[in-house]
file model34.cif (mmCIF, C-alpha atoms and all ligand atoms)
data_coords
loop_
_atom_site.label_atom_id
_atom_site.label_comp_id
_atom_site.auth_asym_id
_atom_site.auth_seq_id
_atom_site.Cartn_x
_atom_site.Cartn_y
_atom_site.Cartn_z
CA MET W 1 -129.50 -160.75 -23.94
CA LYS W 2 -127.10 -158.05 -22.79
CA THR W 3 -127.28 -156.65 -19.29
CA ILE W 4 -126.08 -153.08 -18.97
CA LEU W 5 -125.49 -151.15 -15.77
CA ILE W 6 -125.82 -147.39 -16.23
CA THR W 7 -124.70 -145.34 -13.21
CA GLY W 8 -126.06 -141.84 -12.57
CA GLY W 9 -129.07 -142.56 -14.77
CA ALA W 10 -131.39 -140.32 -12.74
CA GLY W 11 -129.24 -137.26 -13.45
CA PHE W 12 -129.25 -134.90 -16.39
CA ILE W 13 -127.21 -136.75 -19.04
CA GLY W 14 -127.75 -140.21 -17.53
CA SER W 15 -131.54 -139.91 -17.87
CA HIS W 16 -131.19 -139.31 -21.62
CA VAL W 17 -128.79 -142.25 -21.94
CA VAL W 18 -131.14 -144.56 -20.00
CA ARG W 19 -134.13 -143.50 -22.10
CA LEU W 20 -132.22 -144.04 -25.36
CA PHE W 21 -130.99 -147.51 -24.36
CA VAL W 22 -134.32 -148.68 -22.88
CA THR W 23 -136.29 -147.62 -25.96
CA LYS W 24 -133.76 -148.40 -28.70
CA TYR W 25 -132.65 -151.79 -27.36
CA PRO W 26 -135.68 -153.68 -26.02
CA GLU W 27 -133.50 -156.82 -26.14
CA TYR W 28 -131.14 -155.37 -23.48
CA ARG W 29 -131.74 -155.39 -19.73
CA ILE W 30 -130.96 -151.91 -18.43
CA TYR W 31 -130.16 -151.32 -14.75
CA ASN W 32 -130.00 -147.72 -13.58
CA LEU W 33 -127.89 -147.37 -10.41
CA ASP W 34 -128.20 -143.98 -8.75
CA LYS W 35 -127.86 -142.63 -5.22
CA LEU W 36 -130.47 -139.93 -5.89
CA THR W 37 -128.42 -137.05 -4.59
CA TYR W 38 -129.86 -133.55 -4.97
CA ALA W 39 -129.07 -133.95 -8.71
CA GLY W 40 -130.82 -137.29 -9.20
CA ASN W 41 -134.51 -137.16 -10.03
CA LEU W 42 -136.59 -140.17 -11.06
CA ALA W 43 -139.17 -137.82 -12.54
CA ASN W 44 -136.64 -137.51 -15.40
CA LEU W 45 -137.54 -141.10 -16.32
CA SER W 46 -141.27 -141.26 -15.53
CA ASP W 47 -142.10 -142.06 -19.18
CA ILE W 48 -140.04 -145.27 -19.19
CA GLU W 49 -140.12 -146.37 -15.54
CA ASP W 50 -142.53 -149.26 -16.29
CA ALA W 51 -140.65 -150.56 -19.35
CA PRO W 52 -140.14 -154.35 -19.01
CA ASN W 53 -136.39 -154.10 -19.71
CA TYR W 54 -135.74 -151.38 -17.10
CA THR W 55 -134.85 -151.63 -13.39
CA PHE W 56 -133.91 -148.83 -11.01
CA ILE W 57 -131.54 -149.56 -8.14
CA LYS W 58 -130.91 -147.00 -5.43
CA GLY W 59 -127.30 -147.23 -4.30
CA ASP W 60 -124.07 -145.41 -3.63
CA ILE W 61 -120.92 -146.12 -5.65
CA THR W 62 -118.76 -145.11 -2.68
CA ASP W 63 -120.02 -148.32 -0.99
CA ALA W 64 -117.68 -151.08 -2.24
CA LYS W 65 -119.56 -153.90 -0.51
CA PHE W 66 -122.85 -152.81 -2.05
CA LEU W 67 -121.25 -152.88 -5.52
CA GLU W 68 -119.67 -156.29 -4.91
CA ASP W 69 -123.08 -157.71 -3.90
CA LEU W 70 -124.76 -156.06 -6.89
CA PHE W 71 -122.30 -157.59 -9.38
CA ALA W 72 -122.75 -160.99 -7.68
CA GLU W 73 -126.50 -160.71 -8.18
CA VAL W 74 -126.73 -159.08 -11.62
CA PRO W 75 -124.80 -160.57 -14.58
CA VAL W 76 -123.48 -157.24 -15.90
CA ASP W 77 -122.03 -157.32 -19.44
CA GLY W 78 -121.40 -153.61 -19.80
CA VAL W 79 -121.05 -150.60 -17.53
CA ILE W 80 -121.76 -147.04 -18.67
CA HIS W 81 -120.51 -144.92 -15.80
CA LEU W 82 -121.96 -141.42 -15.45
CA ALA W 83 -122.56 -141.13 -11.68
CA ALA W 84 -120.62 -138.16 -10.41
CA GLU W 85 -120.66 -134.90 -8.55
CA SER W 86 -120.78 -132.57 -11.53
CA HIS W 87 -120.90 -128.90 -10.57
CA VAL W 88 -117.67 -126.86 -10.51
CA ASP W 89 -119.00 -124.31 -7.99
CA ARG W 90 -119.90 -127.07 -5.52
CA SER W 91 -116.46 -128.61 -5.99
CA ILE W 92 -114.91 -125.33 -4.85
CA THR W 93 -116.86 -125.34 -1.57
CA ASP W 94 -116.83 -129.13 -0.96
CA PRO W 95 -113.99 -130.86 -2.83
CA MET W 96 -114.05 -134.01 -0.69
CA SER W 97 -117.47 -135.16 -1.90
CA PHE W 98 -116.00 -135.00 -5.43
CA VAL W 99 -113.04 -137.12 -4.37
CA MET W 100 -115.39 -139.63 -2.78
CA THR W 101 -117.87 -140.10 -5.61
CA ASN W 102 -115.75 -139.31 -8.66
CA VAL W 103 -112.49 -140.95 -7.63
CA VAL W 104 -113.26 -143.51 -4.89
CA GLY W 105 -116.64 -144.37 -6.45
CA THR W 106 -115.08 -144.95 -9.87
CA VAL W 107 -112.34 -147.18 -8.45
CA ASN W 108 -114.97 -149.14 -6.48
CA LEU W 109 -116.91 -149.67 -9.68
CA LEU W 110 -113.78 -150.73 -11.59
CA ASN W 111 -112.95 -153.23 -8.84
CA ALA W 112 -116.46 -154.65 -8.70
CA ALA W 113 -116.58 -155.12 -12.49
CA LYS W 114 -113.03 -156.48 -12.71
CA ASN W 115 -113.54 -159.00 -9.91
CA ALA W 116 -116.92 -160.18 -11.15
CA TRP W 117 -115.74 -160.54 -14.76
CA ALA W 118 -112.36 -162.11 -13.87
CA ALA W 119 -114.17 -164.64 -11.63
CA THR W 120 -115.77 -166.07 -14.77
CA GLY W 121 -112.37 -167.04 -16.27
CA GLY W 122 -109.51 -164.63 -15.57
CA VAL W 123 -108.69 -162.31 -18.47
CA SER W 124 -110.89 -164.40 -20.78
CA GLY W 125 -113.77 -163.41 -18.47
CA PHE W 126 -113.38 -159.93 -19.97
CA GLU W 127 -114.45 -161.15 -23.41
CA GLY W 128 -117.62 -159.42 -24.58
CA LYS W 129 -117.51 -157.08 -21.59
CA ARG W 130 -117.04 -153.32 -21.65
CA PHE W 131 -116.49 -150.58 -19.04
CA TYR W 132 -117.28 -147.14 -20.44
CA HIS W 133 -116.33 -144.04 -18.46
CA VAL W 134 -118.17 -140.84 -19.39
CA SER W 135 -115.98 -137.82 -18.70
CA THR W 136 -115.55 -134.15 -19.41
CA ASP W 137 -113.37 -131.90 -21.56
CA GLU W 138 -112.58 -129.91 -18.39
CA VAL W 139 -109.74 -132.40 -17.65
CA TYR W 140 -107.71 -130.65 -20.39
CA GLY W 141 -107.72 -127.34 -18.52
CA SER W 142 -108.28 -123.96 -20.13
CA LEU W 143 -107.52 -122.72 -23.67
CA HIS W 144 -106.00 -119.26 -24.16
CA ASN W 145 -105.09 -119.26 -27.86
CA PRO W 146 -108.20 -118.85 -30.08
CA ASP W 147 -106.82 -121.32 -32.68
CA GLU W 148 -106.45 -124.13 -30.14
CA PHE W 149 -108.87 -127.01 -29.57
CA PHE W 150 -108.80 -129.95 -27.17
CA THR W 151 -107.86 -133.15 -29.00
CA GLU W 152 -107.51 -136.63 -27.53
CA GLU W 153 -103.74 -135.94 -27.35
CA THR W 154 -104.02 -132.70 -25.34
CA PRO W 155 -102.19 -133.21 -22.01
CA TYR W 156 -104.36 -133.26 -18.91
CA ASP W 157 -104.20 -129.99 -16.95
CA PRO W 158 -107.28 -129.87 -14.68
CA GLN W 159 -107.81 -126.56 -12.89
CA SER W 160 -110.83 -127.05 -10.59
CA PRO W 161 -111.46 -129.66 -7.90
CA TYR W 162 -114.22 -131.04 -10.17
CA SER W 163 -111.96 -131.44 -13.20
CA ALA W 164 -109.12 -132.77 -11.01
CA SER W 165 -111.45 -135.48 -9.68
CA LYS W 166 -112.61 -136.39 -13.20
CA ALA W 167 -109.00 -136.45 -14.44
CA ALA W 168 -108.08 -138.81 -11.60
CA SER W 169 -110.98 -141.11 -12.44
CA ASP W 170 -110.01 -141.10 -16.15
CA HIS W 171 -106.46 -142.07 -15.16
CA PHE W 172 -107.73 -144.92 -13.00
CA VAL W 173 -109.92 -146.25 -15.82
CA ARG W 174 -106.94 -146.21 -18.23
CA ALA W 175 -104.70 -147.76 -15.55
CA TYR W 176 -107.14 -150.67 -15.12
CA GLY W 177 -107.15 -151.13 -18.90
CA ASN W 178 -103.36 -151.18 -18.99
CA THR W 179 -102.66 -153.13 -15.81
CA TYR W 180 -105.47 -155.69 -15.68
CA LYS W 181 -106.35 -155.65 -19.40
CA MET W 182 -109.87 -154.57 -18.53
CA PRO W 183 -111.93 -153.68 -21.62
CA VAL W 184 -112.29 -149.93 -21.08
CA VAL W 185 -113.31 -147.03 -23.29
CA LEU W 186 -113.65 -143.32 -22.42
CA SER W 187 -115.11 -140.12 -23.76
CA ASN W 188 -114.59 -136.47 -22.86
CA CYS W 189 -117.48 -134.19 -23.76
CA SER W 190 -118.06 -130.45 -23.80
CA ASN W 191 -120.87 -128.63 -21.93
CA ASN W 192 -124.29 -130.19 -22.41
CA TYR W 193 -127.67 -128.45 -22.35
CA GLY W 194 -131.28 -129.59 -22.73
CA PRO W 195 -134.26 -131.00 -20.81
CA ASN W 196 -133.68 -132.26 -17.23
CA HIS W 197 -130.68 -129.95 -16.73
CA PHE W 198 -130.39 -129.08 -13.05
CA PRO W 199 -130.94 -125.32 -12.55
CA GLU W 200 -127.61 -124.68 -10.85
CA LYS W 201 -125.87 -124.77 -14.26
CA LEU W 202 -125.74 -121.72 -16.52
CA ILE W 203 -128.50 -122.32 -19.10
CA PRO W 204 -131.31 -123.68 -16.87
CA LEU W 205 -130.45 -121.20 -14.10
CA MET W 206 -130.80 -118.29 -16.53
CA ILE W 207 -134.08 -119.64 -17.96
CA HIS W 208 -135.47 -120.07 -14.43
CA ASN W 209 -134.37 -116.60 -13.30
CA ILE W 210 -135.57 -114.82 -16.44
CA ARG W 211 -138.99 -116.39 -16.02
CA ASN W 212 -139.13 -115.31 -12.38
CA ASN W 213 -137.70 -111.82 -12.99
CA LYS W 214 -134.68 -112.57 -10.83
CA PRO W 215 -131.12 -111.27 -11.37
CA LEU W 216 -129.01 -113.14 -13.94
CA PRO W 217 -125.61 -113.66 -12.26
CA VAL W 218 -122.87 -113.49 -14.91
CA TYR W 219 -119.47 -114.36 -13.45
CA GLY W 220 -116.66 -111.85 -14.04
CA LYS W 221 -117.02 -110.07 -17.37
CA GLY W 222 -118.96 -112.89 -19.02
CA GLU W 223 -116.13 -113.44 -21.49
CA ASN W 224 -115.49 -117.10 -20.69
CA VAL W 225 -116.25 -119.42 -23.59
CA ARG W 226 -117.98 -122.80 -23.52
CA ASP W 227 -118.71 -125.26 -26.36
CA TRP W 228 -122.35 -126.36 -26.06
CA LEU W 229 -123.86 -129.68 -27.18
CA TYR W 230 -127.52 -130.77 -27.03
CA VAL W 231 -127.76 -133.54 -24.43
CA VAL W 232 -129.53 -136.00 -26.77
CA ASP W 233 -126.61 -135.70 -29.18
CA HIS W 234 -124.27 -136.62 -26.31
CA ALA W 235 -126.48 -139.64 -25.52
CA ARG W 236 -126.28 -140.65 -29.21
CA ALA W 237 -122.49 -140.35 -29.08
CA ILE W 238 -122.40 -142.53 -25.94
CA ASP W 239 -124.49 -145.15 -27.74
CA THR W 240 -122.07 -145.04 -30.70
CA ILE W 241 -118.94 -145.32 -28.56
CA PHE W 242 -120.38 -148.02 -26.30
CA HIS W 243 -121.15 -150.20 -29.32
CA ASN W 244 -118.44 -149.27 -31.84
CA GLY W 245 -115.63 -147.48 -30.00
CA ASN W 246 -112.30 -149.29 -29.95
CA LEU W 247 -111.29 -150.66 -26.57
CA GLY W 248 -108.61 -148.63 -24.79
CA GLU W 249 -109.50 -145.54 -26.84
CA THR W 250 -110.71 -142.10 -25.84
CA TYR W 251 -113.13 -140.04 -27.92
CA ASN W 252 -113.72 -136.31 -27.59
CA ILE W 253 -117.33 -135.21 -28.11
CA GLY W 254 -118.38 -131.64 -28.91
CA GLY W 255 -120.62 -129.49 -31.03
CA PHE W 256 -118.17 -127.04 -32.65
CA ASN W 257 -120.38 -124.48 -30.99
CA GLU W 258 -118.52 -121.92 -28.91
CA TRP W 259 -120.28 -119.11 -27.09
CA ARG W 260 -119.10 -116.39 -24.74
CA ASN W 261 -121.28 -116.60 -21.63
CA ILE W 262 -122.56 -113.04 -22.01
CA ASP W 263 -123.59 -113.61 -25.65
CA LEU W 264 -125.39 -116.79 -24.67
CA VAL W 265 -127.22 -115.09 -21.80
CA ASN W 266 -128.27 -112.25 -24.12
CA LEU W 267 -129.54 -114.78 -26.67
CA LEU W 268 -131.55 -116.55 -23.95
CA CYS W 269 -132.99 -113.20 -22.82
CA SER W 270 -134.12 -112.44 -26.32
CA ILE W 271 -135.69 -115.91 -26.84
CA MET W 272 -137.46 -115.61 -23.48
CA ASP W 273 -138.74 -112.08 -24.23
CA ARG W 274 -140.33 -113.45 -27.41
CA LYS W 275 -141.80 -116.56 -25.71
CA LEU W 276 -143.12 -114.63 -22.69
CA GLY W 277 -144.51 -111.77 -24.79
CA ARG W 278 -142.20 -109.21 -23.17
CA PRO W 279 -140.81 -106.24 -25.15
CA GLU W 280 -137.36 -107.07 -26.59
CA GLY W 281 -134.65 -105.98 -24.13
CA THR W 282 -136.74 -106.51 -20.97
CA SER W 283 -135.01 -109.64 -19.66
CA ALA W 284 -131.49 -108.41 -20.51
CA GLN W 285 -132.00 -105.73 -17.86
CA LEU W 286 -131.80 -108.52 -15.28
CA ILE W 287 -128.15 -109.27 -16.19
CA THR W 288 -125.96 -108.70 -13.13
CA TYR W 289 -122.19 -109.04 -13.23
CA VAL W 290 -121.02 -110.81 -10.07
CA THR W 291 -117.68 -111.82 -8.56
CA ASP W 292 -115.85 -114.25 -10.80
CA ARG W 293 -115.62 -117.97 -10.00
CA ALA W 294 -112.28 -118.81 -8.33
CA GLY W 295 -109.85 -120.20 -10.93
CA HIS W 296 -112.45 -119.76 -13.70
CA ASP W 297 -111.34 -121.60 -16.88
CA LEU W 298 -111.33 -119.15 -19.80
CA ARG W 299 -112.25 -121.30 -22.76
CA TYR W 300 -113.18 -124.89 -23.62
CA ALA W 301 -113.39 -126.02 -27.25
CA ILE W 302 -113.45 -129.58 -28.52
CA ASP W 303 -112.01 -131.00 -31.70
CA ALA W 304 -114.52 -133.81 -32.34
CA HIS W 305 -113.05 -135.05 -35.63
CA LYS W 306 -111.98 -138.44 -34.27
CA ILE W 307 -115.50 -139.62 -33.33
CA MET W 308 -116.90 -138.04 -36.51
CA ASN W 309 -114.35 -139.62 -38.86
CA GLU W 310 -113.87 -142.98 -37.18
CA LEU W 311 -117.36 -143.71 -35.82
CA GLY W 312 -119.59 -141.59 -38.07
CA TRP W 313 -121.23 -139.62 -35.25
CA GLU W 314 -122.16 -135.98 -35.69
CA PRO W 315 -124.36 -133.51 -33.82
CA SER W 316 -127.92 -133.52 -35.14
CA LEU W 317 -129.20 -130.18 -33.84
CA GLN W 318 -128.17 -126.61 -34.57
CA PHE W 319 -127.70 -124.59 -31.37
CA GLU W 320 -130.52 -122.12 -31.96
CA GLU W 321 -132.95 -125.01 -32.55
CA GLY W 322 -131.68 -126.87 -29.49
CA LEU W 323 -131.95 -123.77 -27.34
CA GLU W 324 -135.55 -123.13 -28.50
CA LYS W 325 -136.44 -126.74 -27.65
CA THR W 326 -134.77 -126.38 -24.26
CA VAL W 327 -136.55 -123.15 -23.40
CA ASP W 328 -139.88 -124.69 -24.49
CA TRP W 329 -139.20 -127.74 -22.32
CA PHE W 330 -138.52 -125.64 -19.23
CA LEU W 331 -141.55 -123.41 -19.85
CA ASN W 332 -143.76 -126.48 -20.31
CA ASN W 333 -142.33 -128.26 -17.27
CA GLN W 334 -142.64 -125.59 -14.62
CA GLU W 335 -143.69 -128.22 -12.07
CA TRP W 336 -140.43 -130.14 -12.62
CA LEU W 337 -138.49 -126.93 -12.07
CA ASP W 338 -140.51 -125.97 -8.98
CA ASN W 339 -140.03 -129.44 -7.46
CA VAL W 340 -136.32 -129.46 -8.18
CA THR W 341 -135.77 -126.00 -6.78
CA SER W 342 -137.84 -126.72 -3.66
CA GLY W 343 -136.32 -130.15 -3.07
CA ASN W 344 -139.77 -131.82 -2.91
CA TYR W 345 -138.86 -134.56 -5.31
CA GLN W 346 -136.02 -135.68 -3.09
CA SER W 347 -138.05 -136.31 0.04
CA TYR W 348 -140.75 -137.96 -2.07
CA TYR W 349 -138.43 -140.45 -3.71
CA GLU W 350 -136.36 -140.97 -0.58
CA SER W 351 -139.42 -142.20 1.29
CA MET W 352 -140.46 -144.27 -1.75
CA TYR W 353 -137.16 -146.15 -1.89
CA ALA W 354 -136.24 -146.09 1.80
CA ASN W 355 -136.93 -149.77 2.35
CA ARG W 356 -135.34 -151.30 -0.75
P1 LIG W 401 -125.75 -134.75 -12.75
O1 LIG W 401 -125.15 -134.07 -11.57
O2 LIG W 401 -126.95 -134.18 -13.38
O3 LIG W 401 -126.10 -136.27 -12.39
C1 LIG W 401 -125.24 -137.08 -11.65
C2 LIG W 401 -126.03 -138.29 -11.17
O4 LIG W 401 -125.15 -139.13 -10.40
C3 LIG W 401 -127.20 -137.93 -10.25
O5 LIG W 401 -128.36 -138.65 -10.65
C4 LIG W 401 -126.74 -138.37 -8.88
O6 LIG W 401 -127.80 -138.78 -8.03
C5 LIG W 401 -125.80 -139.53 -9.21
N1 LIG W 401 -124.81 -139.75 -8.16
C6 LIG W 401 -124.02 -138.80 -7.58
N2 LIG W 401 -123.25 -139.37 -6.62
C7 LIG W 401 -123.53 -140.71 -6.65
C8 LIG W 401 -123.05 -141.81 -5.91
N3 LIG W 401 -122.13 -141.65 -4.94
N4 LIG W 401 -123.54 -143.04 -6.19
C9 LIG W 401 -124.47 -143.20 -7.16
N5 LIG W 401 -124.98 -142.18 -7.87
C10 LIG W 401 -124.52 -140.94 -7.62
O7 LIG W 401 -124.55 -134.88 -13.78
P2 LIG W 401 -124.57 -134.81 -15.39
O8 LIG W 401 -124.44 -133.41 -15.79
O9 LIG W 401 -125.71 -135.63 -15.90
O10 LIG W 401 -123.19 -135.54 -15.71
C11 LIG W 401 -123.14 -136.96 -15.86
C12 LIG W 401 -121.72 -137.37 -16.17
O11 LIG W 401 -121.29 -136.75 -17.38
C13 LIG W 401 -120.70 -136.94 -15.09
O12 LIG W 401 -119.77 -137.98 -14.95
C14 LIG W 401 -120.06 -135.70 -15.66
O13 LIG W 401 -118.74 -135.57 -15.19
C15 LIG W 401 -120.10 -136.00 -17.14
N6 LIG W 401 -120.16 -134.82 -18.04
C16 LIG W 401 -121.08 -133.83 -17.82
C17 LIG W 401 -121.14 -132.75 -18.71
C18 LIG W 401 -122.18 -131.65 -18.54
O14 LIG W 401 -122.16 -130.68 -19.30
N7 LIG W 401 -123.12 -131.76 -17.62
C19 LIG W 401 -120.27 -132.67 -19.79
C20 LIG W 401 -119.34 -133.71 -19.98
C21 LIG W 401 -119.31 -134.78 -19.09
P1 LIG W 402 -121.63 -124.19 -15.69
O1 LIG W 402 -122.97 -124.37 -16.32
O2 LIG W 402 -121.51 -124.23 -14.21
O3 LIG W 402 -120.65 -125.26 -16.38
P2 LIG W 402 -119.04 -125.38 -16.31
O4 LIG W 402 -118.53 -124.55 -15.20
O5 LIG W 402 -118.86 -126.85 -16.03
O6 LIG W 402 -118.54 -124.97 -17.66
O7 LIG W 402 -121.04 -122.79 -16.16
C1 LIG W 402 -120.91 -122.48 -17.54
C2 LIG W 402 -120.25 -121.13 -17.65
O8 LIG W 402 -121.14 -120.13 -17.12
C3 LIG W 402 -118.98 -121.00 -16.82
O9 LIG W 402 -118.05 -120.19 -17.54
C4 LIG W 402 -119.42 -120.30 -15.55
C5 LIG W 402 -120.55 -119.41 -16.04
N1 LIG W 402 -121.64 -119.15 -15.06
C6 LIG W 402 -122.06 -117.85 -14.83
O10 LIG W 402 -121.53 -116.88 -15.39
N2 LIG W 402 -123.10 -117.66 -13.95
C7 LIG W 402 -123.69 -118.69 -13.30
O11 LIG W 402 -124.62 -118.45 -12.48
C8 LIG W 402 -123.26 -120.02 -13.57
C9 LIG W 402 -123.90 -121.19 -12.86
C10 LIG W 402 -122.23 -120.21 -14.47
#
call {"tool": "encode", "arguments": {"input": "model34.cif", "output": "structure tokens", "more": "lines below"}}
Ligand code: NAD
Ligand code: TYD
result
Amino acid sequence: MKTILITGGAGFIGSHVVRLFVTKYPEYRIYNLDKLTYAGNLANLSDIEDAPNYTFIKGDITDAKFLEDLFAEVPVDGVIHLAAESHVDRSITDPMSFVMTNVVGTVNLLNAAKNAWAATGGVSGFEGKRFYHVSTDEVYGSLHNPDEFFTEETPYDPQSPYSASKAASDHFVRAYGNTYKMPVVLSNCSNNYGPNHFPEKLIPLMIHNIRNNKPLPVYGKGENVRDWLYVVDHARAIDTIFHNGNLGETYNIGGFNEWRNIDLVNLLCSIMDRKLGRPEGTSAQLITYVTDRAGHDLRYAIDAHKIMNELGWEPSLQFEEGLEKTVDWFLNNQEWLDNVTSGNYQSYYESMYANR
């Protein structure tokens, strides 16, 4: 039996990865380690929380001693590391929390895994083990030439405190692979969207505000471009790379699906008008251009040919279909959205797990 530690499993992407692994691999033991910050929500996993192969552990990856004790107690074969501070705007106002979780937390996790695995036989203790770091395409910086795409060879050029912290953690993971021969693998993915997305990010924020007739804040002129991928397709890619990716390698993941922010917001307005029975054009009147984000990256676009050609992964959903599913999910899960925006879920789960 394999024992897999997934960090950040109560967050947006992590919850889809946990669900996929718990349901697809009943023979694995899945541990979900999450601090339950404002972005972590166990309601994202209520459908699988009683599965016999699933255990939730509340904990903080910035706490090295906690991780050391955890690895002494749980015989971890594989780590899939997603825990992070993930929002660029927050990183601009509070960079240090990104350094702590994304950099210090990742190095703590590397140390805990390395020491526990090496204790079972030095470098041979690494056999059959795997440390997978889930990262972002934002480490490559910003594209300005429309013919350019991020490949695995694109030099790192992070522009925000968030992407700088993720770049640093990527470098540490590769350094541990090189220096200590740890079995590491990495991926860098484009912007995700889908169910469980925290409504501080563009797509869920717009859905929430359209529904509530609130202004739709578009940064700058709305001309920045992002490459969107349905979150379940990212979880499928993580499954593929965790099992079949070559050690020491990096895989870019993306949907070949670029949208200017303003075009995407207009598309969401039109979908929402139809779903809410409003005359076409009603929601678009809520669009409000606001001051641009400091240092706003112009364009991200991923060349995902390596994972497609070498590992046979490809996106399964067209964007329009994925967006319809996403809008339906948010409209059908108003309580989730209300809880998340009011912070109720946090106090509820904090008291639930206070004495663990
Ligand atoms: P998220 O913010 O929704 O979730 C992050 C999770 O990590 C939360 O559950 C939170 O409670 C947990 N966490 C935060 N600090 C922690 C700590 N100190 N100890 C333990 N747990 C902690 O993030 P997400 O959007 O699901 O992103 C997950 C990962 O994927 C991140 O590493 C992010 O950099 C990467 N990524 C995200 C995207 C995207 O579009 N969202 C794209 C590519 C890569
Ligand atoms: P976001 O979802 O925060 O992801 P990221 O910054 O990691 O790409 O933002 C996506 C794009 O949408 C980005 O160009 C910033 C823009 N944006 C807005 O225009 N308004 C908003 O309210 C938000 C949250 C983002």
call {"tool": "residues_near_ligand", "arguments": {"input": "model34.cif", "ligand": "ligand LIG 401 (chain W)", "cutoff": "7 Å", "atoms": "all atoms listed in the file", "output": "number ranges by chain"}}
result
W: 7-14, 33-41, 59-62, 82-87, 101, 105, 134-137, 166, 188-193, 197-198
call {"tool": "write_last_selection", "arguments": {"input": "model34.cif", "atoms": "C-alpha atoms", "output": "PDB file, keeping the file's coordinate frame"}}
result
ATOM      1  CA  THR W   7    -124.700-145.340 -13.210  1.00  0.00           C
ATOM      2  CA  GLY W   8    -126.060-141.840 -12.570  1.00  0.00           C
ATOM      3  CA  GLY W   9    -129.070-142.560 -14.770  1.00  0.00           C
ATOM      4  CA  ALA W  10    -131.390-140.320 -12.740  1.00  0.00           C
ATOM      5  CA  GLY W  11    -129.240-137.260 -13.450  1.00  0.00           C
ATOM      6  CA  PHE W  12    -129.250-134.900 -16.390  1.00  0.00           C
ATOM      7  CA  ILE W  13    -127.210-136.750 -19.040  1.00  0.00           C
ATOM      8  CA  GLY W  14    -127.750-140.210 -17.530  1.00  0.00           C
ATOM      9  CA  LEU W  33    -127.890-147.370 -10.410  1.00  0.00           C
ATOM     10  CA  ASP W  34    -128.200-143.980  -8.750  1.00  0.00           C
ATOM     11  CA  LYS W  35    -127.860-142.630  -5.220  1.00  0.00           C
ATOM     12  CA  LEU W  36    -130.470-139.930  -5.890  1.00  0.00           C
ATOM     13  CA  THR W  37    -128.420-137.050  -4.590  1.00  0.00           C
ATOM     14  CA  TYR W  38    -129.860-133.550  -4.970  1.00  0.00           C
ATOM     15  CA  ALA W  39    -129.070-133.950  -8.710  1.00  0.00           C
ATOM     16  CA  GLY W  40    -130.820-137.290  -9.200  1.00  0.00           C
ATOM     17  CA  ASN W  41    -134.510-137.160 -10.030  1.00  0.00           C
ATOM     18  CA  GLY W  59    -127.300-147.230  -4.300  1.00  0.00           C
ATOM     19  CA  ASP W  60    -124.070-145.410  -3.630  1.00  0.00           C
ATOM     20  CA  ILE W  61    -120.920-146.120  -5.650  1.00  0.00           C
ATOM     21  CA  THR W  62    -118.760-145.110  -2.680  1.00  0.00           C
ATOM     22  CA  LEU W  82    -121.960-141.420 -15.450  1.00  0.00           C
ATOM     23  CA  ALA W  83    -122.560-141.130 -11.680  1.00  0.00           C
ATOM     24  CA  ALA W  84    -120.620-138.160 -10.410  1.00  0.00           C
ATOM     25  CA  GLU W  85    -120.660-134.900  -8.550  1.00  0.00           C
ATOM     26  CA  SER W  86    -120.780-132.570 -11.530  1.00  0.00           C
ATOM     27  CA  HIS W  87    -120.900-128.900 -10.570  1.00  0.00           C
ATOM     28  CA  THR W 101    -117.870-140.100  -5.610  1.00  0.00           C
ATOM     29  CA  GLY W 105    -116.640-144.370  -6.450  1.00  0.00           C
ATOM     30  CA  VAL W 134    -118.170-140.840 -19.390  1.00  0.00           C
ATOM     31  CA  SER W 135    -115.980-137.820 -18.700  1.00  0.00           C
ATOM     32  CA  THR W 136    -115.550-134.150 -19.410  1.00  0.00           C
ATOM     33  CA  ASP W 137    -113.370-131.900 -21.560  1.00  0.00           C
ATOM     34  CA  LYS W 166    -112.610-136.390 -13.200  1.00  0.00           C
ATOM     35  CA  ASN W 188    -114.590-136.470 -22.860  1.00  0.00           C
ATOM     36  CA  CYS W 189    -117.480-134.190 -23.760  1.00  0.00           C
ATOM     37  CA  SER W 190    -118.060-130.450 -23.800  1.00  0.00           C
ATOM     38  CA  ASN W 191    -120.870-128.630 -21.930  1.00  0.00           C
ATOM     39  CA  ASN W 192    -124.290-130.190 -22.410  1.00  0.00           C
ATOM     40  CA  TYR W 193    -127.670-128.450 -22.350  1.00  0.00           C
ATOM     41  CA  HIS W 197    -130.680-129.950 -16.730  1.00  0.00           C
ATOM     42  CA  PHE W 198    -130.390-129.080 -13.050  1.00  0.00           C
TER      43      PHE W 198
END
call {"tool": "closest_residue", "arguments": {"input": "model34.cif", "among": "W:Leu67, W:Ile6, W:Val22, W:Ile307", "to": "W:Tyr251", "atoms": "all atoms listed in the file"}}
result
W:Ile307
call {"tool": "closest_residue", "arguments": {"input": "model34.cif", "among": "W:Phe149, W:Phe242, W:Tyr180, W:Tyr132", "to": "W:Asn257", "atoms": "all atoms listed in the file"}}
result
W:Phe149
call {"tool": "residues_near_ligand", "arguments": {"input": "model34.cif", "ligand": "ligand LIG 402 (chain W)", "cutoff": "6 Å", "atoms": "all atoms listed in the file", "output": "tab-separated table (two decimals) with C-alpha atoms, in the frame of the given file"}}
result
chain	number	residue	atom	x	y	z
W	87	HIS	CA	-120.90	-128.90	-10.57
W	88	VAL	CA	-117.67	-126.86	-10.51
W	200	GLU	CA	-127.61	-124.68	-10.85
W	201	LYS	CA	-125.87	-124.77	-14.26
W	202	LEU	CA	-125.74	-121.72	-16.52
W	217	PRO	CA	-125.61	-113.66	-12.26
W	218	VAL	CA	-122.87	-113.49	-14.91
W	219	TYR	CA	-119.47	-114.36	-13.45
W	222	GLY	CA	-118.96	-112.89	-19.02
W	224	ASN	CA	-115.49	-117.10	-20.69
W	261	ASN	CA	-121.28	-116.60	-21.63
